[in-house]
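What follows is one structure encoded as structure tokens, with my remarks underneath.
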Amino acid sequence: MFSRSAIAPVVLAIGALLISMVSYQCGASLAKHLFPQVGAQGATAYRLGLSAAILLLWRRPWRRPRSGRDWRALWGYGLSMGAMNLVFYMSLRTIPLGIAVALEFTGPLALALFGSRRPLDFVWIALVVGGLLLLLPLRAQAQALDPVGVMYALAAGVGWALYIVLGKKVGASHGADAVTLGISIGALLVIPFGVAHAGAALLSPTLLPYALGVALLSSALPYSLEMVALTRLPARTFSTLLSLEPAIAAMAGAALLGQQLSPMQWAAILAIIVAAAGTAVSVQQPTVVEPLAN
């Protein structure tokens with residue numbers, strides 16, 4: 001039997017990750033309301049700019065000494081976060097949310113593959129791959145997918161993988177301030193794109209409630225919760241658990257946007273959920289020591 005002290009960090013990490021994924025998808029749905037007024041670039045600037053302002057005011061990281069910290073990893077973490085957010089929102093202009101998330105998941109999936117050692121790991125990953133193939137419209141609707149949107153989503157997957165790898169380093173080096181500093185760096189990258197595209201429209205007071213909702217739901221809350229999981233789970237396990245993201249996106253589309261799912265798509269979601277649950281159980285095995293991503 002596992003002791004409560006051994007299981008508690010895993011349960012906390014998985015719970016934080018689940019809440020962050022649901023929050024992220026709600027925020028992404030809300031962000032699409034901003035696209036007609038400020039575009040994907042402006043929505044990204046809102047998202048990271050306001051998130052940075054909220055977290056800086058709350059955390060006030062300048063009050064804590066920073067000597068001896070890994071600044072290169074921090075800048076890499078922040079820039080990958082900013083680039084990932086920008087190209088992901090650019091993909092949402094032309095392809096559906098669920099498909100964009102499924103394509104973006106190729107980044108975490110690659111990390112999960114590279115970090116796998118046991119035969120059981122590959123069983124869970126095979127279920128994830130099968131589920132993603134069923135979710136993606138590779139047959140009848142493949143011609144309808146905008147290739148530019150697909151490329152943006154795949155680029156977001158690269159950013160997602162970098163975010164995971166560097167996030168573990170930054171979490172160990174900068175602690176609870178890692179997310180605040182990372183989002184602030186990401187905001188420095190994306191705000192110029194938003195200003196260049198939307199200009200004075202970003203100052204519209206009628207858009208502020210949507211912008212604040214996107215900032216809280218899509219960045220401030222989920223990235224803070226993900227850091228809790230990143231510092232408590234191996235990179236492979238974290239990446240495999242993220243396979244729930246496309247399933248959550250598909251279910252959010254069905255529940256909130258009225259998008260109908262076929263029986264095959266529901267089977268895909270079930271396969272992904274089973275894989276994530278299997279990974280969550282296997283991470284509790286005390287006899288296996290997995291290396292963290294460097």
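For the structure tokens, the naming scheme is as follows: chains receive sequential letters (A, B, ...) according to their order of presentation, residues are indexed from 1 within each chain, and ligands are indexed from 1 in presentation order.
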**Asked** What's the 9 Å shell around Phe88 (chain A), counting only C-alpha atoms, without same-chain residues fewer than 5 positions away, as a list in words?
**Response**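 Surrounding residues, per the criterion: Ala40, Ala83, Ala100, Val101, Glu104, Gly149, Tyr152, Ala153, Leu154, Ala155, Ala156 and Gly157 of chain A.
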**Request:** Skip Gly78 (chain A) itself and residues of its chain fewer than 2 positions away, then list as a ChimeraX atom specification all residues within 6 Å of it, counting only C-alpha atoms.
**Result:** /A:75-76,80-81,182-183,185-186
**Request:** Pick out the residues sitting within 12 Å of Pro192 (chain A), and hand them over as a count of residues only; count only C-alpha atoms, and ignore anything fewer than 6 positions along from it in its own chain.
**Result:** 13
**Asked** Just how far from CA of Ala178 (chain A) is CA of Arg59 (chain A), in Å to one decimal?
**Response**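 Going from CA of Arg59 (chain A) over to CA of Ala178 (chain A) covers 10.4 Å.
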**Request:** Provide the CA of Ala229 (chain A) to CA of Val11 (chain A) distance in Å, to one decimal place.
**Result:** 9.5 Å
**Shell around Glu226 (chain A) at 10 Å using only C-alpha atoms, local window under 4 positions removed, as a ChimeraX atom specification** = /A:13-21,164,167,179,221-222,230-232,238
Hey, can you spit out that residue selection with all heavy atoms as a short mmCIF file (atom, residue, chain, number, x, y, z; two decimals), in the first residue's frame?
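Generated output (result-v7.cif):
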data_model
loop_
_atom_site.label_atom_id
_atom_site.label_comp_id
_atom_site.auth_asym_id
_atom_site.auth_seq_id
_atom_site.Cartn_x
_atom_site.Cartn_y
_atom_site.Cartn_z
N ALA A 13 -0.91 17.30 -7.95
CA ALA A 13 -0.43 17.67 -9.27
C ALA A 13 -1.46 17.36 -10.35
O ALA A 13 -1.72 18.19 -11.24
CB ALA A 13 0.88 16.95 -9.57
N ILE A 14 -2.06 16.17 -10.29
CA ILE A 14 -3.04 15.79 -11.31
C ILE A 14 -4.29 16.66 -11.21
O ILE A 14 -4.86 17.08 -12.22
CB ILE A 14 -3.38 14.29 -11.18
CG1 ILE A 14 -2.15 13.45 -11.52
CG2 ILE A 14 -4.55 13.92 -12.08
CD1 ILE A 14 -2.32 11.97 -11.27
N GLY A 15 -4.74 16.93 -9.99
CA GLY A 15 -5.90 17.79 -9.82
C GLY A 15 -5.66 19.19 -10.35
O GLY A 15 -6.52 19.77 -11.03
N ALA A 16 -4.48 19.75 -10.06
CA ALA A 16 -4.15 21.08 -10.57
C ALA A 16 -4.11 21.09 -12.09
O ALA A 16 -4.59 22.03 -12.73
CB ALA A 16 -2.79 21.52 -10.00
N LEU A 17 -3.57 20.02 -12.68
CA LEU A 17 -3.48 19.96 -14.14
C LEU A 17 -4.85 19.85 -14.78
O LEU A 17 -5.12 20.48 -15.82
CB LEU A 17 -2.61 18.76 -14.54
CG LEU A 17 -2.21 18.66 -16.01
CD1 LEU A 17 -1.49 19.91 -16.47
CD2 LEU A 17 -1.33 17.43 -16.22
N LEU A 18 -5.74 19.07 -14.19
CA LEU A 18 -7.10 18.95 -14.74
C LEU A 18 -7.83 20.28 -14.71
O LEU A 18 -8.48 20.67 -15.69
CB LEU A 18 -7.88 17.90 -13.94
CG LEU A 18 -7.48 16.44 -14.16
CD1 LEU A 18 -8.22 15.54 -13.17
CD2 LEU A 18 -7.76 16.00 -15.59
N ILE A 19 -7.74 20.99 -13.59
CA ILE A 19 -8.41 22.30 -13.48
C ILE A 19 -7.82 23.27 -14.49
O ILE A 19 -8.54 24.04 -15.14
CB ILE A 19 -8.28 22.85 -12.06
CG1 ILE A 19 -9.03 21.95 -11.07
CG2 ILE A 19 -8.83 24.28 -11.98
CD1 ILE A 19 -8.80 22.31 -9.62
N SER A 20 -6.50 23.22 -14.67
CA SER A 20 -5.86 24.14 -15.61
C SER A 20 -6.32 23.88 -17.04
O SER A 20 -6.52 24.83 -17.81
CB SER A 20 -4.34 24.02 -15.50
OG SER A 20 -3.86 22.85 -16.14
N MET A 21 -6.49 22.62 -17.41
CA MET A 21 -6.91 22.30 -18.77
C MET A 21 -8.33 22.78 -19.04
O MET A 21 -8.63 23.31 -20.12
CB MET A 21 -6.77 20.80 -19.04
CG MET A 21 -5.33 20.35 -19.19
SD MET A 21 -5.15 18.63 -19.74
CE MET A 21 -5.49 17.75 -18.21
N ILE A 164 7.27 22.90 -21.61
CA ILE A 164 7.31 21.84 -20.60
C ILE A 164 8.74 21.60 -20.10
O ILE A 164 9.00 21.56 -18.89
CB ILE A 164 6.72 20.53 -21.17
CG1 ILE A 164 5.22 20.70 -21.45
CG2 ILE A 164 6.94 19.37 -20.20
CD1 ILE A 164 4.61 19.56 -22.22
N GLY A 167 10.03 24.71 -18.39
CA GLY A 167 9.23 24.99 -17.20
C GLY A 167 9.70 24.23 -15.98
O GLY A 167 9.65 24.73 -14.85
N VAL A 179 6.13 31.53 -12.97
CA VAL A 179 5.04 31.82 -13.90
C VAL A 179 4.91 33.33 -14.12
O VAL A 179 4.73 33.79 -15.25
CB VAL A 179 3.72 31.23 -13.38
CG1 VAL A 179 2.54 31.68 -14.24
CG2 VAL A 179 3.80 29.71 -13.38
N LEU A 221 -4.43 31.71 -14.31
CA LEU A 221 -4.82 30.54 -13.52
C LEU A 221 -4.20 29.25 -14.05
O LEU A 221 -3.54 28.52 -13.28
CB LEU A 221 -6.35 30.42 -13.48
CG LEU A 221 -6.91 29.20 -12.75
CD1 LEU A 221 -6.46 29.19 -11.30
CD2 LEU A 221 -8.44 29.16 -12.85
N PRO A 222 -4.36 28.90 -15.34
CA PRO A 222 -3.83 27.60 -15.78
C PRO A 222 -2.31 27.48 -15.70
O PRO A 222 -1.80 26.42 -15.32
CB PRO A 222 -4.33 27.48 -17.23
CG PRO A 222 -4.66 28.85 -17.65
CD PRO A 222 -5.10 29.57 -16.42
N LEU A 230 4.07 20.63 -12.93
CA LEU A 230 5.39 20.48 -13.54
C LEU A 230 6.47 20.16 -12.52
O LEU A 230 7.41 19.41 -12.80
CB LEU A 230 5.76 21.76 -14.30
CG LEU A 230 5.37 21.83 -15.78
CD1 LEU A 230 5.59 23.24 -16.30
CD2 LEU A 230 6.15 20.83 -16.60
N THR A 231 6.37 20.75 -11.35
CA THR A 231 7.40 20.56 -10.34
C THR A 231 7.18 19.30 -9.51
O THR A 231 8.01 18.98 -8.66
CB THR A 231 7.45 21.78 -9.40
OG1 THR A 231 6.14 22.03 -8.85
CG2 THR A 231 7.92 23.02 -10.14
N ARG A 232 6.11 18.56 -9.77
CA ARG A 232 5.82 17.35 -9.00
C ARG A 232 5.73 16.09 -9.85
O ARG A 232 5.65 14.99 -9.30
CB ARG A 232 4.49 17.52 -8.23
CG ARG A 232 4.61 18.48 -7.05
CD ARG A 232 3.24 18.88 -6.53
NE ARG A 232 3.35 19.67 -5.29
CZ ARG A 232 3.62 20.97 -5.27
NH1 ARG A 232 3.82 21.63 -6.41
NH2 ARG A 232 3.70 21.62 -4.13
N PHE A 238 3.76 14.21 -17.22
CA PHE A 238 3.05 15.47 -17.45
C PHE A 238 2.57 15.55 -18.90
O PHE A 238 1.43 15.91 -19.18
CB PHE A 238 3.97 16.64 -17.12
CG PHE A 238 3.35 17.99 -17.28
CD1 PHE A 238 2.69 18.60 -16.23
CD2 PHE A 238 3.44 18.68 -18.49
CE1 PHE A 238 2.11 19.85 -16.37
CE2 PHE A 238 2.87 19.93 -18.64
CZ PHE A 238 2.21 20.52 -17.59
#
Can you pull out the residues contacting Leu217 (chain A)? Cut-off 6 Å, using only C-alpha atoms, and skip same-chain residues under 2 positions away; I want them as a PDB file with N, CA and C atoms, in the first residue's frame.
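part30.pdb was written with the following content:
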ATOM      1  N   SER A  23      -9.861  25.232 -17.475  1.00  0.00           N
ATOM      2  CA  SER A  23      -9.804  26.692 -17.494  1.00  0.00           C
ATOM      3  C   SER A  23      -9.262  27.196 -18.825  1.00  0.00           C
ATOM      4  N   TYR A  24      -8.226  26.531 -19.329  1.00  0.00           N
ATOM      5  CA  TYR A  24      -7.600  26.958 -20.584  1.00  0.00           C
ATOM      6  C   TYR A  24      -8.589  26.896 -21.740  1.00  0.00           C
ATOM      7  N   GLY A  27     -11.134  29.652 -21.539  1.00  0.00           N
ATOM      8  CA  GLY A  27     -10.533  30.907 -21.949  1.00  0.00           C
ATOM      9  C   GLY A  27     -10.339  30.996 -23.446  1.00  0.00           C
ATOM     10  N   GLY A 213     -11.268  38.210 -18.691  1.00  0.00           N
ATOM     11  CA  GLY A 213     -11.661  36.798 -18.603  1.00  0.00           C
ATOM     12  C   GLY A 213     -10.661  35.898 -19.297  1.00  0.00           C
ATOM     13  N   VAL A 214     -10.227  36.301 -20.486  1.00  0.00           N
ATOM     14  CA  VAL A 214      -9.236  35.517 -21.221  1.00  0.00           C
ATOM     15  C   VAL A 214      -7.922  35.463 -20.451  1.00  0.00           C
ATOM     16  N   ALA A 215      -7.491  36.589 -19.898  1.00  0.00           N
ATOM     17  CA  ALA A 215      -6.226  36.640 -19.167  1.00  0.00           C
ATOM     18  C   ALA A 215      -6.246  35.707 -17.954  1.00  0.00           C
ATOM     19  N   SER A 219      -4.404  32.124 -18.971  1.00  0.00           N
ATOM     20  CA  SER A 219      -2.983  32.259 -18.621  1.00  0.00           C
ATOM     21  C   SER A 219      -2.730  32.285 -17.121  1.00  0.00           C
ATOM     22  N   LEU A 221      -4.435  31.711 -14.309  1.00  0.00           N
ATOM     23  CA  LEU A 221      -4.821  30.540 -13.524  1.00  0.00           C
ATOM     24  C   LEU A 221      -4.196  29.247 -14.046  1.00  0.00           C
TER      25      LEU A 221
END
**Prompt:** Please, what distance in Å, to one decimal, runs between CA of Ala211 (chain A) and CA of Ala252 (chain A)?
**Reply:**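 We find that CA of Ala211 (chain A) and CA of Ala252 (chain A) lie 19.8 Å from each other.
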**Residue with smallest distance to Arg64 (chain A) - pool A:Leu127, A:Ala196, A:Ala277, A:Ala176, counting only C-alpha atoms** =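 Counting only C-alpha atoms, the residue closest to Arg64 (chain A) is A:Ala176.
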